[in-house]
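Enquirer: So here's entry-v5.cif (mmCIF, C-alpha atoms).
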data_entry
loop_
_atom_site.group_PDB
_atom_site.id
_atom_site.type_symbol
_atom_site.label_atom_id
_atom_site.label_comp_id
_atom_site.auth_asym_id
_atom_site.auth_seq_id
_atom_site.Cartn_x
_atom_site.Cartn_y
_atom_site.Cartn_z
ATOM 1 C CA MET A 1 224.263 133.017 101.161
ATOM 2 C CA SER A 2 225.499 135.467 103.783
ATOM 3 C CA THR A 3 223.202 137.340 106.141
ATOM 4 C CA VAL A 4 223.255 139.130 109.470
ATOM 5 C CA VAL A 5 221.469 138.313 112.692
ATOM 6 C CA ASP A 6 220.208 141.615 114.026
ATOM 7 C CA GLN A 7 218.286 142.178 117.268
ATOM 8 C CA ASP A 8 215.120 140.497 115.960
ATOM 9 C CA PRO A 9 215.024 136.922 117.334
ATOM 10 C CA ALA A 10 211.899 136.178 115.302
ATOM 11 C CA ASN A 11 213.887 136.646 112.110
ATOM 12 C CA PRO A 12 217.409 135.422 112.886
ATOM 13 C CA LEU A 13 218.399 135.011 109.241
ATOM 14 C CA ALA A 14 217.207 138.366 107.927
ATOM 15 C CA GLU A 15 219.101 139.768 104.935
ATOM 16 C CA ALA A 16 221.595 142.474 105.824
ATOM 17 C CA PRO A 17 222.759 145.504 103.882
ATOM 18 C CA ASN A 18 226.141 145.173 102.206
ATOM 19 C CA GLU A 19 227.506 148.167 104.107
ATOM 20 C CA SER A 20 227.325 146.215 107.376
ATOM 21 C CA ARG A 21 230.346 144.164 106.381
ATOM 22 C CA ARG A 22 232.468 147.301 106.121
ATOM 23 C CA ALA A 23 231.235 149.023 109.270
ATOM 24 C CA HIS A 24 233.650 149.274 112.188
ATOM 25 C CA PRO A 25 236.383 147.168 110.549
ATOM 26 C CA ALA A 26 238.602 147.226 113.656
ATOM 27 C CA ARG A 27 235.915 145.804 115.958
ATOM 28 C CA PRO A 28 235.470 142.097 116.722
ATOM 29 C CA THR A 29 233.412 140.093 114.257
ATOM 30 C CA VAL A 30 231.141 137.100 114.825
ATOM 31 C CA THR A 31 230.268 134.679 112.022
ATOM 32 C CA ALA A 32 227.854 131.756 112.288
ATOM 33 C CA PHE A 33 228.095 128.895 109.808
ATOM 34 C CA VAL A 34 224.793 127.048 109.783
ATOM 35 C CA ASP A 35 225.152 124.774 106.791
ATOM 36 C CA GLY A 36 224.420 121.287 108.061
ATOM 37 C CA VAL A 37 225.424 118.832 105.366
ATOM 38 C CA SER A 38 227.944 117.085 107.585
ATOM 39 C CA GLY A 39 225.559 116.395 110.465
ATOM 40 C CA HIS A 40 222.940 113.709 110.944
ATOM 41 C CA ASN A 41 220.497 115.656 113.104
ATOM 42 C CA ASP A 42 219.169 119.216 113.185
ATOM 43 C CA ARG A 43 220.097 120.180 116.744
ATOM 44 C CA ALA A 44 223.359 121.965 115.953
ATOM 45 C CA ARG A 45 221.810 124.727 113.831
ATOM 46 C CA ARG A 46 219.705 126.170 116.666
ATOM 47 C CA ALA A 47 222.581 125.894 119.138
ATOM 48 C CA THR A 48 224.950 127.629 116.719
ATOM 49 C CA ILE A 49 222.626 130.593 116.259
ATOM 50 C CA ASP A 50 222.040 130.857 120.022
ATOM 51 C CA LEU A 51 225.775 130.686 120.672
ATOM 52 C CA ALA A 52 226.574 133.304 118.034
ATOM 53 C CA LYS A 53 223.957 135.721 119.342
ATOM 54 C CA THR A 54 225.132 135.287 122.931
ATOM 55 C CA LEU A 55 228.739 135.857 121.883
ATOM 56 C CA ALA A 56 227.797 138.883 119.781
ATOM 57 C CA ARG A 57 226.123 140.529 122.762
ATOM 58 C CA ARG A 58 229.299 140.114 124.782
ATOM 59 C CA LEU A 59 231.437 141.549 121.980
ATOM 60 C CA GLU A 60 228.897 144.231 120.982
ATOM 61 C CA ALA A 61 228.903 142.925 117.428
ATOM 62 C CA LYS A 62 226.398 141.762 114.838
ATOM 63 C CA VAL A 63 226.384 138.206 113.566
ATOM 64 C CA GLY A 64 227.118 137.413 109.955
ATOM 65 C CA VAL A 65 225.471 134.124 108.967
ATOM 66 C CA ILE A 66 226.693 131.856 106.187
ATOM 67 C CA GLY A 67 224.604 128.916 105.060
ATOM 68 C CA GLU A 68 221.064 128.094 104.078
ATOM 69 C CA GLY A 69 219.891 127.779 107.654
ATOM 70 C CA THR A 70 218.598 124.227 107.246
ATOM 71 C CA GLU A 71 220.102 120.853 107.993
ATOM 72 C CA HIS A 72 219.716 117.404 106.553
ATOM 73 C CA GLY A 73 218.317 114.817 108.922
ATOM 74 C CA GLN A 74 220.857 112.238 107.850
ATOM 75 C CA THR A 75 224.574 111.989 107.360
ATOM 76 C CA LEU A 76 225.889 112.537 103.859
ATOM 77 C CA GLY A 77 229.079 110.830 102.746
ATOM 78 C CA TRP A 78 232.102 113.099 102.701
ATOM 79 C CA ARG A 79 232.098 113.535 98.927
ATOM 80 C CA ALA A 80 228.404 114.494 98.741
ATOM 81 C CA ALA A 81 228.708 116.731 101.810
ATOM 82 C CA LEU A 82 231.701 118.521 100.341
ATOM 83 C CA HIS A 83 229.905 119.042 97.035
ATOM 84 C CA GLU A 84 226.731 120.423 98.622
ATOM 85 C CA ALA A 85 228.643 122.765 100.932
ATOM 86 C CA GLU A 86 231.131 124.017 98.332
ATOM 87 C CA ALA A 87 229.696 127.498 97.862
ATOM 88 C CA GLU A 88 229.126 128.018 101.589
ATOM 89 C CA LEU A 89 232.623 126.834 102.476
ATOM 90 C CA ASP A 90 234.098 129.176 99.860
ATOM 91 C CA ALA A 91 232.158 132.049 101.408
ATOM 92 C CA LEU A 92 233.300 131.048 104.892
ATOM 93 C CA ALA A 93 236.939 130.961 103.806
ATOM 94 C CA GLU A 94 236.683 134.411 102.249
ATOM 95 C CA THR A 95 234.945 135.823 105.319
ATOM 96 C CA THR A 96 237.495 134.255 107.658
ATOM 97 C CA GLU A 97 240.506 135.659 105.857
ATOM 98 C CA HIS A 98 238.951 139.122 105.531
ATOM 99 C CA SER A 99 237.991 139.188 109.203
ATOM 100 C CA LEU A 100 241.424 138.087 110.379
ATOM 101 C CA ARG A 101 243.106 140.785 108.305
ATOM 102 C CA SER A 102 240.752 143.618 109.256
ATOM 103 C CA SER A 103 239.224 142.928 112.698
ATOM 104 C CA SER A 104 240.626 143.051 116.185
ATOM 105 C CA PHE A 105 239.180 139.622 117.024
ATOM 106 C CA SER A 106 237.457 137.017 114.858
ATOM 107 C CA ALA A 107 234.891 134.601 116.273
ATOM 108 C CA PHE A 108 233.172 131.761 114.414
ATOM 109 C CA CYS A 109 230.323 129.533 115.542
ATOM 110 C CA LEU A 110 230.131 126.367 113.457
ATOM 111 C CA THR A 111 227.524 123.646 113.417
ATOM 112 C CA ARG A 112 230.086 120.899 112.843
ATOM 113 C CA ASN A 113 233.854 120.490 112.752
ATOM 114 C CA ALA A 114 233.694 120.024 108.974
ATOM 115 C CA ALA A 115 233.605 123.798 108.507
ATOM 116 C CA ALA A 116 237.189 123.981 109.779
ATOM 117 C CA LEU A 117 238.140 122.837 106.272
ATOM 118 C CA ALA A 118 237.512 126.440 105.242
ATOM 119 C CA THR A 119 238.441 128.460 108.326
ATOM 120 C CA LEU A 120 241.815 127.011 109.325
ATOM 121 C CA PRO A 121 243.562 127.300 105.942
ATOM 122 C CA ALA A 122 242.336 130.908 105.867
ATOM 123 C CA VAL A 123 243.867 131.490 109.300
ATOM 124 C CA ALA A 124 247.145 130.072 107.993
ATOM 125 C CA ARG A 125 247.061 132.349 104.940
ATOM 126 C CA ALA A 126 246.510 135.434 107.079
ATOM 127 C CA HIS A 127 248.864 134.386 109.910
ATOM 128 C CA PRO A 128 251.248 131.666 108.672
ATOM 129 C CA ASP A 129 253.069 131.246 111.984
ATOM 130 C CA ALA A 130 250.051 131.211 114.305
ATOM 131 C CA ALA A 131 249.539 128.222 116.581
ATOM 132 C CA ILE A 132 246.195 126.498 116.026
ATOM 133 C CA VAL A 133 245.046 125.032 119.330
ATOM 134 C CA TRP A 134 242.505 122.296 118.540
ATOM 135 C CA MET A 135 240.457 121.450 121.620
ATOM 136 C CA GLY A 136 238.367 118.398 120.853
ATOM 137 C CA ALA A 137 237.868 114.741 121.689
ATOM 138 C CA HIS A 138 238.607 113.888 118.049
ATOM 139 C CA PRO A 139 241.658 115.171 116.164
ATOM 140 C CA CYS A 140 239.772 114.909 112.848
ATOM 141 C CA LEU A 141 242.922 113.890 110.982
ATOM 142 C CA HIS A 142 241.365 111.340 108.645
ATOM 143 C CA THR A 143 241.574 111.396 104.855
ATOM 144 C CA PRO A 144 239.382 109.739 102.212
ATOM 145 C CA ALA A 145 241.793 106.807 102.335
ATOM 146 C CA THR A 146 241.591 106.271 106.109
ATOM 147 C CA THR A 147 238.062 107.259 107.151
ATOM 148 C CA ARG A 148 235.886 104.382 108.327
ATOM 149 C CA THR A 149 232.697 106.420 108.723
ATOM 150 C CA GLY A 150 232.851 108.741 105.704
ATOM 151 C CA ASP A 151 232.064 111.678 108.000
ATOM 152 C CA LEU A 152 233.452 114.942 106.615
ATOM 153 C CA SER A 153 233.956 116.349 110.115
ATOM 154 C CA GLY A 154 236.382 113.550 110.905
ATOM 155 C CA MET A 155 238.521 114.737 107.989
ATOM 156 C CA ALA A 156 238.479 118.461 108.795
ATOM 157 C CA LEU A 157 241.929 118.963 110.278
ATOM 158 C CA GLY A 158 243.348 116.473 107.793
ATOM 159 C CA GLY A 159 242.104 118.622 104.931
ATOM 160 C CA ALA A 160 243.165 121.911 106.514
ATOM 161 C CA THR A 161 246.728 120.616 106.881
ATOM 162 C CA GLY A 162 246.914 119.253 103.337
ATOM 163 C CA LEU A 163 246.803 115.548 104.188
ATOM 164 C CA TRP A 164 244.147 115.403 101.455
ATOM 165 C CA LYS A 165 242.841 117.911 98.934
ATOM 166 C CA SER A 166 239.456 119.267 99.975
ATOM 167 C CA GLY A 167 239.399 122.070 97.417
ATOM 168 C CA HIS A 168 239.418 124.697 100.194
ATOM 169 C CA GLY A 169 243.128 124.954 100.838
ATOM 170 C CA GLY A 170 245.588 123.023 102.958
ATOM 171 C CA GLU A 171 247.989 125.746 104.043
ATOM 172 C CA LEU A 172 247.955 124.962 107.764
ATOM 173 C CA ALA A 173 251.364 123.519 108.677
ATOM 174 C CA LEU A 174 251.259 120.394 110.826
ATOM 175 C CA SER A 175 253.959 121.989 112.985
ATOM 176 C CA ASN A 176 251.497 124.735 113.945
ATOM 177 C CA VAL A 177 248.830 122.319 115.249
ATOM 178 C CA VAL A 178 248.452 121.773 118.990
ATOM 179 C CA LEU A 179 245.948 119.135 120.143
ATOM 180 C CA LEU A 180 244.309 119.377 123.569
ATOM 181 C CA GLY A 181 241.864 116.860 125.008
ATOM 182 C CA ALA A 182 242.150 114.456 122.063
ATOM 183 C CA ARG A 183 241.241 110.987 123.316
ATOM 184 C CA ASP A 184 239.122 109.229 120.684
ATOM 185 C CA LEU A 185 241.776 108.438 118.081
ATOM 186 C CA ASP A 186 241.794 105.785 115.371
ATOM 187 C CA GLN A 187 245.065 104.090 114.502
ATOM 188 C CA ALA A 188 245.441 106.111 111.310
ATOM 189 C CA GLU A 189 245.249 109.334 113.327
ATOM 190 C CA ARG A 190 247.752 108.000 115.851
ATOM 191 C CA ASN A 191 250.116 107.303 112.972
ATOM 192 C CA VAL A 192 249.799 110.867 111.662
ATOM 193 C CA ILE A 193 250.526 112.315 115.098
ATOM 194 C CA ALA A 194 253.455 109.975 115.724
ATOM 195 C CA ASN A 195 255.061 110.738 112.366
ATOM 196 C CA SER A 196 254.492 114.494 112.152
ATOM 197 C CA PRO A 197 255.417 117.629 114.100
ATOM 198 C CA ILE A 198 251.866 117.941 115.516
ATOM 199 C CA ARG A 199 252.002 118.570 119.266
ATOM 200 C CA ASN A 200 249.536 116.405 121.191
ATOM 201 C CA ILE A 201 249.443 117.619 124.799
ATOM 202 C CA PRO A 202 247.953 115.050 127.191
ATOM 203 C CA THR A 203 245.579 116.001 129.955
ATOM 204 C CA GLY A 204 247.007 115.893 133.437
ATOM 205 C CA PRO A 205 248.760 118.040 136.023
ATOM 206 C CA ARG A 206 251.374 119.350 133.548
ATOM 207 C CA MET A 207 248.950 120.237 130.744
ATOM 208 C CA GLN A 208 249.015 123.992 131.356
ATOM 209 C CA GLU A 209 252.789 124.042 131.749
ATOM 210 C CA GLU A 210 253.304 122.165 128.474
ATOM 211 C CA LEU A 211 250.739 124.307 126.670
ATOM 212 C CA ALA A 212 252.343 127.545 127.857
ATOM 213 C CA ALA A 213 255.768 126.376 126.685
ATOM 214 C CA THR A 214 254.391 125.308 123.309
ATOM 215 C CA ILE A 215 252.644 128.582 122.459
ATOM 216 C CA ALA A 216 255.064 130.996 124.138
ATOM 217 C CA GLY A 217 255.516 134.164 122.098
ATOM 218 C CA ARG A 218 253.157 133.068 119.317
ATOM 219 C CA GLU A 219 249.867 134.266 117.923
ATOM 220 C CA VAL A 220 247.094 131.800 118.730
ATOM 221 C CA PHE A 221 243.822 130.776 117.097
ATOM 222 C CA VAL A 222 241.599 128.469 119.153
ATOM 223 C CA HIS A 223 239.208 125.758 117.948
ATOM 224 C CA PHE A 224 236.836 124.532 120.668
ATOM 225 C CA SER A 225 234.656 121.520 119.975
ATOM 226 C CA ALA A 226 232.010 120.846 122.637
ATOM 227 C CA ASP A 227 232.975 117.173 122.784
ATOM 228 C CA VAL A 228 236.262 118.102 124.447
ATOM 229 C CA LEU A 229 234.269 118.405 127.668
ATOM 230 C CA GLN A 230 233.432 115.709 130.147
ATOM 231 C CA PRO A 231 230.083 114.158 129.075
ATOM 232 C CA GLY A 232 227.028 115.765 130.610
ATOM 233 C CA ILE A 233 228.302 119.335 130.883
ATOM 234 C CA VAL A 234 226.697 120.430 127.594
ATOM 235 C CA LEU A 235 224.786 118.624 124.866
ATOM 236 C CA THR A 236 226.920 117.449 121.959
ATOM 237 C CA ASP A 237 226.535 114.687 119.403
ATOM 238 C CA PHE A 238 229.491 112.534 120.442
ATOM 239 C CA GLN A 239 230.018 112.037 124.171
ATOM 240 C CA VAL A 240 233.499 110.716 124.966
ATOM 241 C CA ALA A 241 234.533 109.765 128.494
ATOM 242 C CA ASN A 242 237.424 111.394 130.358
ATOM 243 C CA GLY A 243 236.925 114.847 128.874
ATOM 244 C CA LEU A 244 238.041 118.182 130.249
ATOM 245 C CA THR A 245 236.292 119.591 133.284
ATOM 246 C CA ILE A 246 234.972 123.133 133.458
ATOM 247 C CA ASP A 247 237.914 124.119 135.664
ATOM 248 C CA ALA A 248 240.388 122.622 133.177
ATOM 249 C CA VAL A 249 238.884 124.614 130.306
ATOM 250 C CA VAL A 250 238.977 127.840 132.320
ATOM 251 C CA ALA A 251 242.620 127.207 133.203
ATOM 252 C CA THR A 252 243.412 126.494 129.556
ATOM 253 C CA ALA A 253 241.709 129.691 128.425
ATOM 254 C CA ARG A 254 243.776 131.666 130.933
ATOM 255 C CA THR A 255 246.968 130.042 129.666
ATOM 256 C CA LEU A 256 246.089 130.820 126.053
ATOM 257 C CA ALA A 257 245.133 134.377 126.926
ATOM 258 C CA GLY A 258 248.764 134.995 127.896
ATOM 259 C CA GLU A 259 249.537 135.242 124.173
ATOM 260 C CA ARG A 260 247.905 137.234 121.381
ATOM 261 C CA VAL A 261 244.628 135.452 120.614
ATOM 262 C CA LEU A 262 243.590 136.134 117.013
ATOM 263 C CA GLY A 263 240.236 134.467 117.277
ATOM 264 C CA LEU A 264 238.088 131.607 118.410
ATOM 265 C CA GLN A 265 235.819 129.099 116.713
ATOM 266 C CA LEU A 266 233.220 126.993 118.508
ATOM 267 C CA SER A 267 231.596 123.865 117.128
ATOM 268 C CA GLU A 268 229.578 120.722 117.850
ATOM 269 C CA LEU A 269 227.269 122.292 120.445
ATOM 270 C CA GLU A 270 223.702 121.000 120.165
ATOM 271 C CA HIS A 271 220.409 122.533 121.229
ATOM 272 C CA ASP A 272 218.647 121.115 124.256
ATOM 273 C CA PRO A 273 214.882 121.810 124.081
ATOM 274 C CA ALA A 274 214.795 121.847 127.882
ATOM 275 C CA ASP A 275 217.437 124.596 127.988
ATOM 276 C CA ARG A 276 215.043 127.542 127.790
ATOM 277 C CA PHE A 277 217.624 130.168 128.725
ATOM 278 C CA ASN A 278 220.528 129.038 126.521
ATOM 279 C CA THR A 279 222.545 128.112 129.583
ATOM 280 C CA SER A 280 224.824 125.821 127.540
ATOM 281 C CA ALA A 281 225.858 128.695 125.285
ATOM 282 C CA GLN A 282 226.418 130.944 128.273
ATOM 283 C CA LEU A 283 228.422 128.265 130.080
ATOM 284 C CA VAL A 284 230.713 127.679 127.105
ATOM 285 C CA LEU A 285 231.408 131.386 126.818
ATOM 286 C CA GLU A 286 231.997 131.763 130.549
ATOM 287 C CA MET A 287 234.600 128.997 130.397
ATOM 288 C CA LEU A 288 236.341 130.664 127.458
ATOM 289 C CA ALA A 289 235.870 134.259 128.638
ATOM 290 C CA PRO A 290 239.616 134.885 129.192
ATOM 291 C CA LEU A 291 240.096 134.517 125.415
ATOM 292 C CA LEU A 292 237.652 137.295 124.567
ATOM 293 C CA PRO A 293 238.801 140.885 124.072
ATOM 294 C CA ARG A 294 238.124 143.271 126.907
ATOM 295 C CA GLY A 295 236.605 146.697 126.548
#
Can the structure from this file be put into structure tokens for me?
Expert:
Amino acid sequence: MSTVVDQDPANPLAEAPNESRRAHPARPTVTAFVDGVSGHNDRARRATIDLAKTLARRLEAKVGVIGEGTEHGQTLGWRAALHEAEAELDALAETTEHSLRSSSFSAFCLTRNAAALATLPAVARAHPDAAIVWMGAHPCLHTPATTRTGDLSGMALGGATGLWKSGHGGELALSNVVLLGARDLDQAERNVIANSPIRNIPTGPRMQEELAATIAGREVFVHFSADVLQPGIVLTDFQVANGLTIDAVVATARTLAGERVLGLQLSELEHDPADRFNTSAQLVLEMLAPLLPRG
């Protein structure tokens, strides 16, 4: 199901007219994916809607919403999660490819990393040579044969790059993947990185220099998972020590903004009931503001 969040916060999933998808095709688009079959709590849905609405205000856009708007309270195994989300992931892939071909900037707010199974192959179909900069604590390069948890999110980039067949495409070339802030890696993921053309840029004083050299002259699509940050900055399901600081993210966004940024997707942010003014959503967007189109 696809809907649009208008200006009515009391009805954030109200049905939208079909014409809205065709209005202002050159303007930025914002899509929220609120299907929650790959999560084990319901905090990401609210955060995703808040993030999408905050981003839409900055871009002067409406928010297209894909998903049923509800989440399971427990983790489903990857096979069951993939089956339940099949229709929504198909819709997300179609929306992603259409947006990238017709809009000036494409933004996606995802509950969990699992949705990248649909978005990233679509990016590769629309822009085969674009660099995909994956900012996250986890590289999500597992396959059904290597996963220890059965979590679909942990297999997202693996599916998008064709390491396993998800049913939603695997067109993203490993040579176009750039990892930033990855620090919670299983041995199977280390093996993939060591034996493939994936670029894994370590944090440190030369991170921006290496990133700039890697993406120079290329189109860029950015994936930002909230767990890339140092724990405690925002609420996210998996807190991993030694994450990026706010200053490091701002510097990275400025480096990336030196190239043509096709779009941005944000995931794994969770709602904090004590955060009455959506400060986490605002903080994330302030950090990444250099990536957003101006004017």
Enquirer: I want to know what sits within 6 Å of Leu264 (chain A), based on all atoms listed in the file, with residues of the same chain fewer than 4 positions away left out; could you give that as an MDAnalysis selection string?
Expert: chainID A and resid 107 221:223
Enquirer: Sorted by chain and rising residue number, which residues of region 73-147 of chain A lie within 6 Å of region 180-193 of chain A, and what are their closest atom pairs and distances in Å to one decimal, counting all atoms listed in the file, as JSON lines?
Expert:
{"residue": "A:Met135", "atom": "CA", "partner": "A:Leu180", "partner_atom": "CA", "distance": 4.8}
{"residue": "A:Gly136", "atom": "CA", "partner": "A:Ala182", "partner_atom": "CA", "distance": 5.6}
{"residue": "A:Ala137", "atom": "CA", "partner": "A:Ala182", "partner_atom": "CA", "distance": 4.3}
{"residue": "A:His138", "atom": "CA", "partner": "A:Asp184", "partner_atom": "CA", "distance": 5.4}
{"residue": "A:Pro139", "atom": "CA", "partner": "A:Ala182", "partner_atom": "CA", "distance": 6.0}
{"residue": "A:Leu141", "atom": "CA", "partner": "A:Glu189", "partner_atom": "CA", "distance": 5.6}
Enquirer: When the PyMOL selection byres ((chain A and resi 148-158) around 8) is applied to the file above, which residues end up in the set, as a PyMOL selection string?
Expert: chain A and resi 38+75-79+81-82+112-117+138-144+146-147+159-164
Enquirer: Report as a JSON list (two decimals) with C-alpha atoms, in the coordinates of the input the full result of the PyMOL selection byres ((chain A and resi 284) around 10) when it is applied to this structure.
Expert:
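Printed below is result37.json as written:
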[["chain", "number", "residue", "atom", "x", "y", "z"],
["A", 51, "LEU", "CA", 225.78, 130.69, 120.67],
["A", 55, "LEU", "CA", 228.74, 135.86, 121.88],
["A", 224, "PHE", "CA", 236.84, 124.53, 120.67],
["A", 226, "ALA", "CA", 232.01, 120.85, 122.64],
["A", 229, "LEU", "CA", 234.27, 118.40, 127.67],
["A", 233, "ILE", "CA", 228.30, 119.34, 130.88],
["A", 234, "VAL", "CA", 226.70, 120.43, 127.59],
["A", 246, "ILE", "CA", 234.97, 123.13, 133.46],
["A", 249, "VAL", "CA", 238.88, 124.61, 130.31],
["A", 250, "VAL", "CA", 238.98, 127.84, 132.32],
["A", 266, "LEU", "CA", 233.22, 126.99, 118.51],
["A", 269, "LEU", "CA", 227.27, 122.29, 120.44],
["A", 279, "THR", "CA", 222.54, 128.11, 129.58],
["A", 280, "SER", "CA", 224.82, 125.82, 127.54],
["A", 281, "ALA", "CA", 225.86, 128.70, 125.28],
["A", 282, "GLN", "CA", 226.42, 130.94, 128.27],
["A", 283, "LEU", "CA", 228.42, 128.26, 130.08],
["A", 285, "LEU", "CA", 231.41, 131.39, 126.82],
["A", 286, "GLU", "CA", 232.00, 131.76, 130.55],
["A", 287, "MET", "CA", 234.60, 129.00, 130.40],
["A", 288, "LEU", "CA", 236.34, 130.66, 127.46],
["A", 289, "ALA", "CA", 235.87, 134.26, 128.64]]
Enquirer: How far is it from CA of Ala61 (chain A) to CA of Arg276 (chain A), in Å with one decimal?
Expert: 23.2 Å
Enquirer: At what distance in Å, to one decimal, does CA of Pro202 (chain A) lie from CA of Leu110 (chain A)?
Expert: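 Rounded to one decimal, the two atoms are 25.2 Å apart.
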Enquirer: With only C-alpha atoms as the atoms that count, which of A:Gly39, A:Pro293, A:Gly67, A:Gly263 lies nearest to Asp90 (chain A)?
Expert: A:Gly67
Enquirer: Which distance in Å separates CA of Glu171 (chain A) and CA of Ala145 (chain A), to one decimal?
Expert: 20.0 Å
